[in-house]
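*Asks:* As input, take input16.txt (compact mmCIF, C-alpha atoms):
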# COMPACT_ATOMS: atom_id res chain seq x y z
CA MET A 1 44.98 94.73 130.74
CA THR A 2 46.74 97.87 131.94
CA ARG A 3 50.50 98.38 131.79
CA LYS A 4 50.58 98.34 135.58
CA THR A 5 48.85 94.95 135.73
CA THR A 6 51.14 93.55 133.05
CA PHE A 7 54.19 94.79 134.95
CA LEU A 8 52.99 93.21 138.20
CA ILE A 9 52.42 89.87 136.48
CA LEU A 10 55.92 89.98 134.98
CA VAL A 11 57.41 90.83 138.39
CA LEU A 12 55.53 87.96 140.03
CA LEU A 13 56.56 85.58 137.24
CA ALA A 14 60.18 86.63 137.53
CA GLY A 15 60.03 86.11 141.29
CA SER A 16 58.53 82.67 140.82
CA LEU A 17 61.20 81.66 138.31
CA SER A 18 63.90 83.00 140.62
CA SER A 19 62.47 80.99 143.52
CA TYR A 20 62.34 77.85 141.35
CA SER A 21 65.94 78.41 140.29
CA GLN A 22 67.01 78.74 143.93
CA ILE A 23 65.22 75.52 144.86
CA LYS A 24 66.80 73.71 141.94
CA ASP A 25 70.25 75.03 142.86
CA SER A 26 69.86 73.95 146.50
CA ILE A 27 68.75 70.43 145.49
CA THR A 28 71.74 70.18 143.15
CA ASP A 29 74.01 71.28 145.99
CA TYR A 30 72.50 68.73 148.40
CA ILE A 31 72.87 65.96 145.83
CA SER A 32 76.55 66.80 145.48
CA VAL A 33 77.03 66.78 149.26
CA ILE A 34 75.22 63.44 149.62
CA LYS A 35 77.22 61.80 146.85
CA THR A 36 80.53 63.07 148.21
CA ASN A 37 79.84 61.70 151.68
CA VAL A 38 78.33 58.36 150.67
CA TYR A 39 80.78 57.45 147.93
CA LYS A 40 83.76 57.76 150.28
CA ASP A 41 82.05 55.83 153.06
CA TYR A 42 80.16 52.89 151.63
CA LYS A 43 82.77 50.13 151.97
CA LYS A 44 82.69 50.56 155.73
CA MET A 45 79.55 48.40 155.70
CA TYR A 46 81.61 45.37 154.57
CA ARG A 47 82.43 42.82 157.26
CA LYS A 48 84.62 39.74 156.84
CA GLY A 49 82.61 37.57 159.21
CA GLY A 50 83.78 35.47 162.13
CA GLY A 51 82.41 33.58 165.09
CA SER A 52 78.72 32.90 164.55
CA LEU A 53 78.81 34.87 161.29
CA VAL A 54 80.43 32.30 159.03
CA TYR A 55 80.20 34.29 155.79
CA PRO A 56 81.18 37.87 154.90
CA PHE A 57 78.22 40.24 155.20
CA LEU A 58 76.93 43.82 155.20
CA THR A 59 76.34 45.60 158.49
CA PRO A 60 73.60 48.26 158.44
CA GLY A 61 75.65 51.18 159.75
CA SER A 62 79.06 52.23 158.50
CA ASN A 63 79.79 54.25 161.62
CA GLN A 64 77.49 52.79 164.25
CA TYR A 65 77.41 48.99 164.17
CA ASP A 66 80.09 46.41 164.80
CA ASN A 67 79.92 42.79 163.69
CA VAL A 68 76.16 42.33 163.61
CA LEU A 69 73.79 41.23 160.87
CA TRP A 70 70.15 42.38 160.89
CA ASP A 71 67.35 41.08 158.67
CA TRP A 72 65.56 43.84 156.74
CA ASP A 73 68.40 46.30 157.38
CA SER A 74 70.93 44.25 155.38
CA TRP A 75 68.42 43.71 152.54
CA LEU A 76 67.71 47.42 152.11
CA SER A 77 71.34 48.41 152.62
CA ASN A 78 72.22 46.03 149.79
CA ILE A 79 69.86 47.82 147.40
CA ALA A 80 71.51 51.12 148.27
CA LEU A 81 74.94 49.54 147.85
CA ARG A 82 74.08 48.42 144.32
CA GLN A 83 73.03 51.97 143.42
CA ILE A 84 76.40 53.24 144.63
CA LEU A 85 78.18 50.58 142.57
CA THR A 86 76.04 51.45 139.55
CA ASP A 87 77.00 55.10 139.96
CA ILE A 88 80.74 54.81 140.56
CA GLY A 89 81.76 51.17 140.95
CA THR A 90 84.32 49.49 138.74
CA ALA A 91 83.88 45.93 137.51
CA LYS A 92 86.24 44.88 140.30
CA ASP A 93 84.16 46.76 142.91
CA LYS A 94 80.99 45.03 141.74
CA GLU A 95 82.61 41.61 141.82
CA GLU A 96 84.04 42.26 145.29
CA ALA A 97 80.58 43.11 146.67
CA ILE A 98 78.97 39.79 145.70
CA LYS A 99 80.44 37.74 148.54
CA TYR A 100 79.23 40.27 151.12
CA GLU A 101 75.75 40.40 149.55
CA GLN A 102 75.31 36.65 149.29
CA GLY A 103 76.78 36.21 152.77
CA CYS A 104 73.89 38.21 154.29
CA VAL A 105 71.45 35.54 153.07
CA LEU A 106 73.73 32.55 153.62
CA ASN A 107 74.55 33.54 157.21
CA PHE A 108 70.86 33.32 158.11
CA LEU A 109 70.25 30.13 156.12
CA HIS A 110 73.26 28.54 157.83
CA TYR A 111 71.01 28.23 160.89
CA GLY A 112 68.04 26.84 158.98
CA ASP A 113 66.43 23.51 159.85
CA TRP A 114 63.36 21.48 158.90
CA ASP A 115 61.10 23.68 161.07
CA GLY A 116 61.99 26.85 159.16
CA TYR A 117 62.92 29.07 162.08
CA LEU A 118 65.50 31.75 161.24
CA PRO A 119 66.79 34.48 163.58
CA ILE A 120 66.17 38.20 163.25
CA VAL A 121 69.75 39.16 164.11
CA ILE A 122 73.12 37.44 164.44
CA TRP A 123 76.05 38.85 166.39
CA GLU A 124 79.57 37.58 165.96
CA ASP A 125 79.47 36.30 169.56
CA SER A 126 75.90 34.95 169.44
CA LYS A 127 75.37 31.76 171.40
CA PRO A 128 73.09 28.94 170.15
CA ARG A 129 70.34 29.98 172.61
CA ASP A 130 70.52 33.53 171.17
CA ILE A 131 70.09 32.28 167.62
CA ARG A 132 67.46 29.65 168.31
CA PRO A 133 65.08 30.09 171.26
CA GLU A 134 63.19 27.11 172.65
CA ASN A 135 59.71 28.45 171.87
CA ILE A 136 60.26 29.08 168.16
CA TYR A 137 56.55 29.16 167.31
CA ASP A 138 55.73 31.81 169.91
CA VAL A 139 58.32 34.43 168.98
CA ASN A 140 58.92 36.58 165.93
CA MET A 141 61.56 35.44 163.50
CA HIS A 142 63.39 36.88 160.50
CA LYS A 143 61.04 39.25 158.70
CA PRO A 144 59.75 37.94 155.36
CA VAL A 145 62.38 39.68 153.25
CA LEU A 146 64.99 36.92 152.96
CA ALA A 147 63.71 35.50 149.67
CA GLN A 148 63.40 39.07 148.40
CA HIS A 149 67.02 39.67 149.32
CA ALA A 150 68.09 36.45 147.57
CA ALA A 151 65.98 37.33 144.52
CA PHE A 152 67.51 40.80 144.37
CA ILE A 153 71.04 39.39 144.44
CA THR A 154 70.14 36.76 141.84
CA LYS A 155 68.52 39.26 139.49
CA THR A 156 71.46 41.65 139.88
CA ASN A 157 73.77 38.86 138.72
CA GLY A 158 71.90 37.96 135.57
CA GLY A 159 69.43 35.50 137.11
CA ASP A 160 72.03 32.99 138.29
CA ALA A 161 70.56 31.36 141.43
CA GLU A 162 73.01 28.46 141.69
CA TRP A 163 74.68 30.11 144.67
CA ILE A 164 71.57 29.39 146.74
CA ARG A 165 70.51 26.02 145.37
CA GLU A 166 71.88 23.98 148.28
CA LYS A 167 70.16 26.25 150.80
CA PHE A 168 66.89 26.71 148.91
CA TYR A 169 65.26 23.99 151.00
CA HIS A 170 65.82 26.09 154.13
CA LEU A 171 64.34 29.12 152.37
CA GLN A 172 61.25 27.03 151.56
CA THR A 173 60.89 25.82 155.15
CA PHE A 174 61.28 29.42 156.35
CA VAL A 175 58.38 30.65 154.24
CA ASN A 176 56.33 27.57 155.08
CA ASN A 177 56.92 28.24 158.78
CA TYR A 178 55.28 31.63 158.30
CA LYS A 179 52.38 29.97 156.48
CA SER A 180 51.88 27.26 159.12
CA HIS A 181 52.57 29.14 162.36
CA HIS A 182 52.21 32.87 161.70
CA ARG A 183 49.01 32.87 159.65
CA ASN A 184 45.42 33.24 160.73
CA ILE A 185 43.38 30.61 158.89
CA ALA A 186 40.05 32.45 159.07
CA THR A 187 41.32 35.66 157.42
CA GLY A 188 44.30 34.32 155.48
CA LEU A 189 46.44 37.11 156.97
CA TYR A 190 49.82 36.83 158.67
CA TYR A 191 50.32 38.09 162.22
CA TRP A 192 53.10 39.01 164.61
CA GLN A 193 53.71 36.66 167.52
CA SER A 194 54.48 39.66 169.75
CA ASP A 195 55.56 43.29 169.52
CA VAL A 196 59.28 42.43 169.81
CA ALA A 197 61.65 43.25 166.91
CA ILE A 198 58.91 43.96 164.37
CA GLY A 199 61.03 46.50 162.51
CA VAL A 200 58.61 49.39 163.04
CA ASP A 201 59.12 49.16 166.77
CA ASN A 202 56.20 50.99 168.34
CA ASP A 203 53.57 50.81 165.61
CA PRO A 204 50.37 51.30 167.67
CA ALA A 205 48.62 48.55 165.70
CA THR A 206 50.98 46.01 167.33
CA PHE A 207 52.81 47.71 170.20
CA PHE A 208 51.69 46.44 173.64
CA ARG A 209 48.82 44.52 172.08
CA PRO A 210 48.04 40.89 172.95
CA ASN A 211 50.33 38.31 171.37
CA LYS A 212 49.23 36.86 168.02
CA SER A 213 46.56 39.53 167.62
CA SER A 214 48.05 41.95 165.10
CA ALA A 215 47.65 41.18 161.40
CA SER A 216 49.92 44.07 160.45
CA ILE A 217 49.55 45.60 156.98
CA TYR A 218 53.33 46.10 157.03
CA LEU A 219 53.95 42.39 157.66
CA ASN A 220 51.41 41.26 155.07
CA CYS A 221 52.75 43.53 152.33
CA LEU A 222 56.26 42.20 152.98
CA MET A 223 54.91 38.64 152.93
CA TYR A 224 53.17 39.15 149.58
CA LYS A 225 56.43 40.27 147.98
CA GLU A 226 58.30 37.43 149.72
CA LEU A 227 56.00 34.87 148.09
CA LEU A 228 56.56 36.45 144.67
CA ALA A 229 60.31 36.32 145.28
CA MET A 230 60.00 32.59 146.00
CA VAL A 231 58.26 32.14 142.65
CA TYR A 232 61.13 33.92 140.90
CA LEU A 233 63.85 31.92 142.66
CA ALA A 234 62.06 28.61 142.03
CA ASP A 235 61.80 29.43 138.34
CA GLN A 236 65.49 30.35 138.17
CA LEU A 237 66.31 26.99 139.74
CA ASN A 238 64.00 25.14 137.30
CA LEU A 239 61.63 24.21 140.11
CA SER A 240 58.50 25.53 138.44
CA ASN A 241 56.09 23.28 140.35
CA VAL A 242 57.40 24.70 143.62
CA GLY A 243 56.98 28.17 142.19
CA LYS A 244 53.34 27.52 141.29
CA GLU A 245 52.52 26.74 144.92
CA PHE A 246 54.01 30.02 146.11
CA ALA A 247 52.27 31.91 143.29
CA ALA A 248 48.93 30.57 144.50
CA ASP A 249 49.80 31.55 148.07
CA ALA A 250 50.61 35.08 146.86
CA GLU A 251 47.27 35.44 145.07
CA ASN A 252 45.41 34.18 148.12
CA LEU A 253 47.22 36.64 150.36
CA LYS A 254 46.54 39.54 147.99
CA ALA A 255 42.83 38.68 148.07
CA ALA A 256 42.91 38.45 151.87
CA ILE A 257 44.54 41.88 152.17
CA GLN A 258 41.97 43.38 149.82
CA LYS A 259 39.10 41.80 151.72
CA ASN A 260 40.22 42.53 155.26
CA CYS A 261 42.63 45.49 155.21
CA TRP A 262 41.16 47.89 152.64
CA ASP A 263 38.76 50.39 154.19
CA GLU A 264 36.38 51.84 151.65
CA ARG A 265 35.20 54.47 154.10
CA ASP A 266 38.64 56.00 154.60
CA GLY A 267 40.27 54.96 151.33
CA PHE A 268 43.29 53.39 153.05
CA PHE A 269 44.85 50.05 153.99
CA TYR A 270 44.95 49.27 157.69
CA SER A 271 46.20 46.55 160.02
CA VAL A 272 43.49 44.39 161.55
CA ASP A 273 42.79 43.03 165.03
CA LEU A 274 42.49 39.25 165.38
CA ASN A 275 41.89 39.37 169.13
CA LEU A 276 38.35 37.96 169.07
CA ARG A 277 36.91 35.23 171.26
CA PRO A 278 35.99 32.06 169.38
CA VAL A 279 32.37 31.48 168.50
CA ALA A 280 31.28 28.67 170.83
CA ASN A 281 28.12 27.36 172.46
CA VAL A 282 28.91 28.42 176.01
CA ALA A 283 26.21 28.46 178.67
CA ASP A 284 25.99 31.47 180.98
CA ASN A 285 23.72 32.22 183.94
CA THR A 286 24.51 35.92 184.39
CA LEU A 287 20.82 36.76 183.98
CA GLY A 288 19.71 34.19 186.52
CA ARG A 289 18.99 31.47 184.01
CA SER A 290 21.23 29.43 181.78
CA PHE A 291 21.49 30.75 178.24
CA ILE A 292 23.69 29.92 175.27
CA ILE A 293 25.28 33.34 174.99
CA HIS A 294 24.79 35.29 171.76
CA SER A 295 23.39 32.25 170.00
CA GLY A 296 20.77 34.28 168.15
CA PHE A 297 23.35 36.28 166.19
CA PRO A 298 26.99 35.23 166.82
CA ARG A 299 29.71 37.24 165.13
CA ASP A 300 30.14 36.43 161.45
CA TYR A 301 33.34 38.42 160.89
CA ASP A 302 36.89 37.23 161.53
CA CYS A 303 38.71 40.44 162.36
CA ILE A 304 38.20 44.10 163.17
CA ILE A 305 39.91 46.76 161.11
CA GLN A 306 42.20 49.09 163.08
CA ARG A 307 41.60 52.58 161.78
CA ILE A 308 44.98 53.86 162.93
CA GLU A 309 46.71 55.84 160.18
CA VAL A 310 50.19 54.33 160.04
CA TRP A 311 52.59 55.01 157.15
CA SER A 312 52.69 51.28 156.33
CA GLY A 313 49.27 51.59 154.71
CA PHE A 314 51.21 53.07 151.76
CA LEU A 315 53.07 49.76 151.38
CA ALA A 316 50.09 48.42 149.43
CA LEU A 317 51.40 50.68 146.63
CA TRP A 318 55.00 49.56 147.07
CA ALA A 319 53.92 45.90 146.95
CA GLY A 320 51.59 46.37 143.98
CA ILE A 321 48.50 45.23 145.91
CA ALA A 322 46.34 48.35 145.51
CA THR A 323 44.07 48.79 142.51
CA PRO A 324 44.52 52.00 140.46
CA GLU A 325 41.32 53.36 141.99
CA GLN A 326 42.53 52.61 145.51
CA ALA A 327 45.90 54.18 144.74
CA GLU A 328 44.22 57.40 143.64
CA ARG A 329 42.35 57.68 146.92
CA ILE A 330 45.45 56.83 148.96
CA VAL A 331 47.48 59.53 147.23
CA LYS A 332 44.83 62.25 147.18
CA GLU A 333 43.28 61.67 150.59
CA HIS A 334 46.30 60.56 152.60
CA TYR A 335 49.67 61.23 151.00
CA SER A 336 48.73 64.80 150.03
CA ASN A 337 47.08 65.65 153.36
CA THR A 338 49.32 67.98 155.39
CA LYS A 339 47.11 67.46 158.45
CA THR A 340 47.97 63.75 158.55
CA PHE A 341 51.03 62.37 156.71
CA ASN A 342 52.50 65.03 154.45
CA SER A 343 55.16 67.14 156.16
CA PRO A 344 57.96 69.43 154.95
CA SER A 345 60.47 66.61 155.56
CA GLY A 346 58.47 63.75 154.05
CA VAL A 347 55.93 61.20 155.26
CA ARG A 348 55.13 61.15 158.96
CA THR A 349 55.29 57.57 160.22
CA LEU A 350 52.02 58.10 162.10
CA SER A 351 49.32 60.57 161.16
CA LYS A 352 49.57 63.82 163.05
CA MET A 353 45.83 63.49 163.74
CA GLU A 354 46.29 60.31 165.78
CA LYS A 355 46.18 60.70 169.56
CA MET A 356 49.30 58.50 169.83
CA TYR A 357 51.34 60.89 167.67
CA SER A 358 54.60 61.66 169.45
CA LEU A 359 57.98 63.11 168.56
CA ARG A 360 59.75 61.85 171.65
CA SER A 361 63.30 60.66 171.05
CA SER A 362 63.56 57.01 172.01
CA ALA A 363 66.00 54.20 171.33
CA ASN A 364 64.24 51.27 172.99
CA PRO A 365 61.95 51.18 171.14
CA SER A 366 62.94 53.42 168.26
CA ASN A 367 60.14 55.89 167.61
CA TRP A 368 57.86 55.29 164.61
CA ARG A 369 54.94 57.30 166.02
CA GLY A 370 55.45 60.36 163.86
CA PRO A 371 59.13 61.07 163.11
CA ILE A 372 60.46 60.92 159.56
CA TRP A 373 62.52 57.87 158.64
CA GLY A 374 64.55 57.66 155.45
CA ILE A 375 63.31 54.15 154.75
CA SER A 376 59.61 55.02 155.01
CA ASN A 377 60.16 58.03 152.73
CA TYR A 378 61.86 55.74 150.23
CA MET A 379 59.24 52.98 150.25
CA VAL A 380 56.38 55.45 149.89
CA PHE A 381 58.31 57.11 147.06
CA LYS A 382 58.63 53.75 145.29
CA GLY A 383 54.90 53.17 145.59
CA LEU A 384 54.10 56.59 144.16
CA GLU A 385 56.48 56.03 141.27
CA LYS A 386 55.11 52.55 140.57
CA TYR A 387 51.55 53.82 140.19
CA GLY A 388 52.53 56.77 138.00
CA TYR A 389 52.28 59.59 140.54
CA THR A 390 55.38 61.28 139.18
CA LYS A 391 54.72 64.73 140.63
CA GLU A 392 54.26 63.36 144.14
CA ALA A 393 57.27 61.03 143.81
CA ASN A 394 59.38 63.96 142.66
CA GLU A 395 58.23 66.01 145.64
CA LEU A 396 59.06 63.27 148.14
CA ALA A 397 62.45 62.60 146.57
CA GLN A 398 63.38 66.28 146.81
CA LYS A 399 62.24 66.49 150.42
CA THR A 400 64.41 63.48 151.31
CA ILE A 401 67.40 64.89 149.44
CA SER A 402 67.05 68.22 151.27
CA LEU A 403 66.66 66.45 154.62
CA PHE A 404 69.81 64.37 154.21
CA GLY A 405 71.81 67.06 152.42
CA LYS A 406 71.29 69.47 155.31
CA ASP A 407 72.24 66.77 157.84
CA PHE A 408 75.47 65.94 156.01
CA LYS A 409 76.33 69.63 155.71
CA LYS A 410 75.75 70.41 159.36
CA ASN A 411 76.66 67.14 161.10
CA GLY A 412 78.81 65.19 158.64
CA ALA A 413 76.56 62.12 158.98
CA LEU A 414 72.96 60.94 158.81
CA HIS A 415 70.64 60.05 161.69
CA GLU A 416 68.04 57.41 162.49
CA TYR A 417 64.98 59.67 162.35
CA TYR A 418 63.99 63.33 162.08
CA GLU A 419 61.50 65.94 163.26
CA PRO A 420 58.83 66.30 160.51
CA GLU A 421 58.37 70.08 160.45
CA THR A 422 61.98 71.27 160.76
CA GLY A 423 63.99 68.24 159.61
CA VAL A 424 66.12 68.45 162.76
CA PRO A 425 67.83 65.09 163.51
CA MET A 426 66.38 63.40 166.57
CA LEU A 427 68.62 60.43 167.39
CA ASN A 428 71.55 58.16 166.54
CA LYS A 429 74.14 60.00 164.51
CA GLY A 430 75.83 57.59 162.12
CA PHE A 431 72.71 55.60 161.21
CA GLN A 432 73.72 55.37 157.59
CA ASN A 433 73.18 52.58 155.21
CA TRP A 434 69.51 52.16 154.34
CA ASN A 435 69.45 55.96 154.38
CA TYR A 436 71.76 55.64 151.38
CA LEU A 437 68.65 54.71 149.36
CA VAL A 438 68.38 58.46 148.83
CA LEU A 439 70.85 57.84 145.99
CA ASN A 440 68.28 55.61 144.28
CA MET A 441 65.89 58.57 144.46
CA VAL A 442 68.60 60.83 143.03
CA ALA A 443 69.23 58.47 140.12
CA TRP A 444 65.50 58.45 139.33
CA LEU A 445 65.35 62.27 139.44
CA GLU A 446 68.37 62.51 137.16
CA GLY A 447 66.88 60.07 134.65
CA LYS A 448 69.64 57.52 135.24
CA LYS A 449 69.40 53.84 136.07
CA ALA A 450 67.75 53.53 139.48
CA VAL A 451 68.40 50.21 141.20
CA GLU A 452 65.21 48.72 142.61
CA GLU A 453 64.44 46.10 145.21
CA PHE A 454 63.03 42.90 143.77
Since I need it in another form, could you write the structure as structure tokens?
*Replies:*
Amino acid sequence: MTRKTTFLILVLLAGSLSSYSQIKDSITDYISVIKTNVYKDYKKMYRKGGGSLVYPFLTPGSNQYDNVLWDWDSWLSNIALRQILTDIGTAKDKEEAIKYEQGCVLNFLHYGDWDGYLPIVIWEDSKPRDIRPENIYDVNMHKPVLAQHAAFITKTNGGDAEWIREKFYHLQTFVNNYKSHHRNIATGLYYWQSDVAIGVDNDPATFFRPNKSSASIYLNCLMYKELLAMVYLADQLNLSNVGKEFAADAENLKAAIQKNCWDERDGFFYSVDLNLRPVANVADNTLGRSFIIHSGFPRDYDCIIQRIEVWSGFLALWAGIATPEQAERIVKEHYSNTKTFNSPSGVRTLSKMEKMYSLRSSANPSNWRGPIWGISNYMVFKGLEKYGYTKEANELAQKTISLFGKDFKKNGALHEYYEPETGVPMLNKGFQNWNYLVLNMVAWLEGKKAVEEF
């Protein structure tokens, strides 16, 4: 090796180390900015309750929402809140938070009945018809995260579930409603009643599709974790026989997801289409004579996989459904692919290769067809971390920290979603609280206690 070559290598190495140092310094700066803004702001999510909201609760936006309680928003905001309290909260702060946390669950269960219907959202001025529609079995209801929320609160407080004992019956009927009226018997998968208020508003696997046709991978991953949460709560309440039933349901659902939603060709989990005509002996005379149509080889499958690359396929990692071999393919072939999901700002909510990919700013519905959301970044991060993909989890955490740090620096607040390539905010300044889960990522990066959802 010549002196000139050696010198060039040293120059390149020095440049690389300098670049790494700059990146590290910028991440440290963004972490400081995020902490400063969040720590001074977090108690603005507390609401005393009133009107139809009979318990104190957490609202999902410190600066944007009034007295309104949303389903998965309050659950995820609560996890972020507990990270904040772990970081800086006093014993008094932590005790104060409990009534607001428990109130999120109890407000919904207050409207429970034998049929198990629970609303998606409650406003302070909600009327009975707003909370409970007439056609309860034909509309979507509270997403299956309520038991998870209750389990998270219980686990945070040392496993004491007595606060929910009187309402546990309504939690059971809620989950059983899903099993009886939102589940396709042939596949064992759960489906949306419609495309209204599904959380991921315009997911192409559900959006503008026929009612009761979308067995969403997002919904089924949430449901799997919900059933496990019911097992935990039943055990904490010394109702082990009840827990065994939900444990069996969870195993059956996991098997159904593996059978119907995993695509060996693509190495990814997809939603499936249930919109198939029943197999029946129906006579037809289209050809001039009466035939029993398709009787020689009727369909012998119960659904059709929807090969639409939506970020929620990664939830099979978050939920612990994927096998290690499946996880490896998901990470290598999908998470790491810059042509599909991987962008400078995090995980695109729809693959850039999909024809439906769009970065249009929209509030009704909110746009999940490509933009970066803090919550999808977080849930994919948790899946990567759970399966031991530390390098990738580190990368995604740093991208999210940079995204939010820049937004706080420039705009003094966070937004609902972002442009993938540039990180420019797209809509809704002040959309804060589940975005605060970035602090859970920070804690993990710093080697500190990172609060996790159940």
*Asks:* Between CA of Asn78 (chain A) and CA of Lys449 (chain A), what is the distance in Å, rounded to a tenth?
*Replies:* 16.0 Å
*Asks:* Compare A:Asp125, A:Glu101, A:Glu162, A:Asp302 by their minimum atom-to-atom distance to Asp66 (chain A), counting only C-alpha atoms, and give me the closest one.
*Replies:*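 Nearest candidate to Asp66 (chain A) out of A:Asp125, A:Glu101, A:Glu162, A:Asp302: A:Asp125.
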*Asks:* Check the smallest atom-to-atom distance from each of A:Asn238, A:Ala327, A:Glu453, A:Gly116 to Ala150 (chain A) using only C-alpha atoms, then report the winner.
*Replies:*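 Closest residue, counting only C-alpha atoms: A:Glu453.
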*Asks:* Considering only C-alpha atoms, return as a ChimeraX atom specification whatever protein or nucleic-acid residues lie within 7 Å of Ala397 (chain A), sequence-local ones (same chain, fewer than 3 positions apart) excluded.
*Replies:* /A:381,393-394,400-401,441
*Asks:* Please list as a short mmCIF file (atom, residue, chain, number, x, y, z; two decimals) with C-alpha atoms, keeping the file's coordinate frame every residue within 12 Å of His334 (chain A), counting all atoms listed in the file and excluding residues in the same chain fewer than 6 positions away.
*Replies:*
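After the write, around23.cif holds the following:
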data_model
loop_
_atom_site.label_atom_id
_atom_site.label_comp_id
_atom_site.auth_asym_id
_atom_site.auth_seq_id
_atom_site.Cartn_x
_atom_site.Cartn_y
_atom_site.Cartn_z
CA ASP A 266 38.64 56.00 154.60
CA GLY A 267 40.27 54.96 151.33
CA PHE A 268 43.29 53.39 153.05
CA PHE A 269 44.85 50.05 153.99
CA GLU A 309 46.71 55.84 160.18
CA VAL A 310 50.19 54.33 160.04
CA TRP A 311 52.59 55.01 157.15
CA SER A 312 52.69 51.28 156.33
CA GLY A 313 49.27 51.59 154.71
CA PHE A 314 51.21 53.07 151.76
CA GLN A 326 42.53 52.61 145.51
CA ALA A 327 45.90 54.18 144.74
CA GLU A 328 44.22 57.40 143.64
CA THR A 340 47.97 63.75 158.55
CA PHE A 341 51.03 62.37 156.71
CA ASN A 342 52.50 65.03 154.45
CA SER A 343 55.16 67.14 156.16
CA VAL A 347 55.93 61.20 155.26
CA ARG A 348 55.13 61.15 158.96
CA LEU A 350 52.02 58.10 162.10
CA SER A 351 49.32 60.57 161.16
CA LYS A 352 49.57 63.82 163.05
CA MET A 353 45.83 63.49 163.74
CA VAL A 380 56.38 55.45 149.89
CA GLU A 392 54.26 63.36 144.14
#
*Asks:* Got a moment to write region 158-162 of chain A out with all heavy atoms, as a tab-separated table (two decimals), in the first residue's frame?
*Replies:*
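What landed in decode22.tsv:
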chain	number	residue	atom	x	y	z
A	158	GLY	N	-49.08	-2.67	39.02
A	158	GLY	CA	-48.71	-3.86	39.79
A	158	GLY	C	-49.63	-5.04	39.63
A	158	GLY	O	-49.62	-5.96	40.46
A	159	GLY	N	-50.48	-5.05	38.60
A	159	GLY	CA	-51.35	-6.19	38.35
A	159	GLY	C	-52.70	-6.12	39.06
A	159	GLY	O	-53.47	-7.08	39.02
A	160	ASP	N	-52.99	-4.99	39.69
A	160	ASP	CA	-54.25	-4.85	40.41
A	160	ASP	C	-55.39	-4.52	39.44
A	160	ASP	O	-55.46	-3.41	38.90
A	160	ASP	CB	-54.13	-3.74	41.45
A	160	ASP	CG	-55.41	-3.58	42.29
A	160	ASP	OD1	-56.35	-4.38	42.10
A	160	ASP	OD2	-55.45	-2.65	43.12
A	161	ALA	N	-56.27	-5.49	39.20
A	161	ALA	CA	-57.38	-5.32	38.25
A	161	ALA	C	-58.71	-5.08	38.94
A	161	ALA	O	-59.76	-5.07	38.27
A	161	ALA	CB	-57.48	-6.55	37.35
A	162	GLU	N	-58.71	-4.86	40.24
A	162	GLU	CA	-59.98	-4.69	40.96
A	162	GLU	C	-60.78	-3.50	40.46
A	162	GLU	O	-62.01	-3.50	40.54
A	162	GLU	CB	-59.72	-4.56	42.46
A	162	GLU	CG	-59.28	-5.86	43.13
A	162	GLU	CD	-60.31	-6.97	42.93
A	162	GLU	OE1	-61.52	-6.71	43.07
A	162	GLU	OE2	-59.90	-8.11	42.62
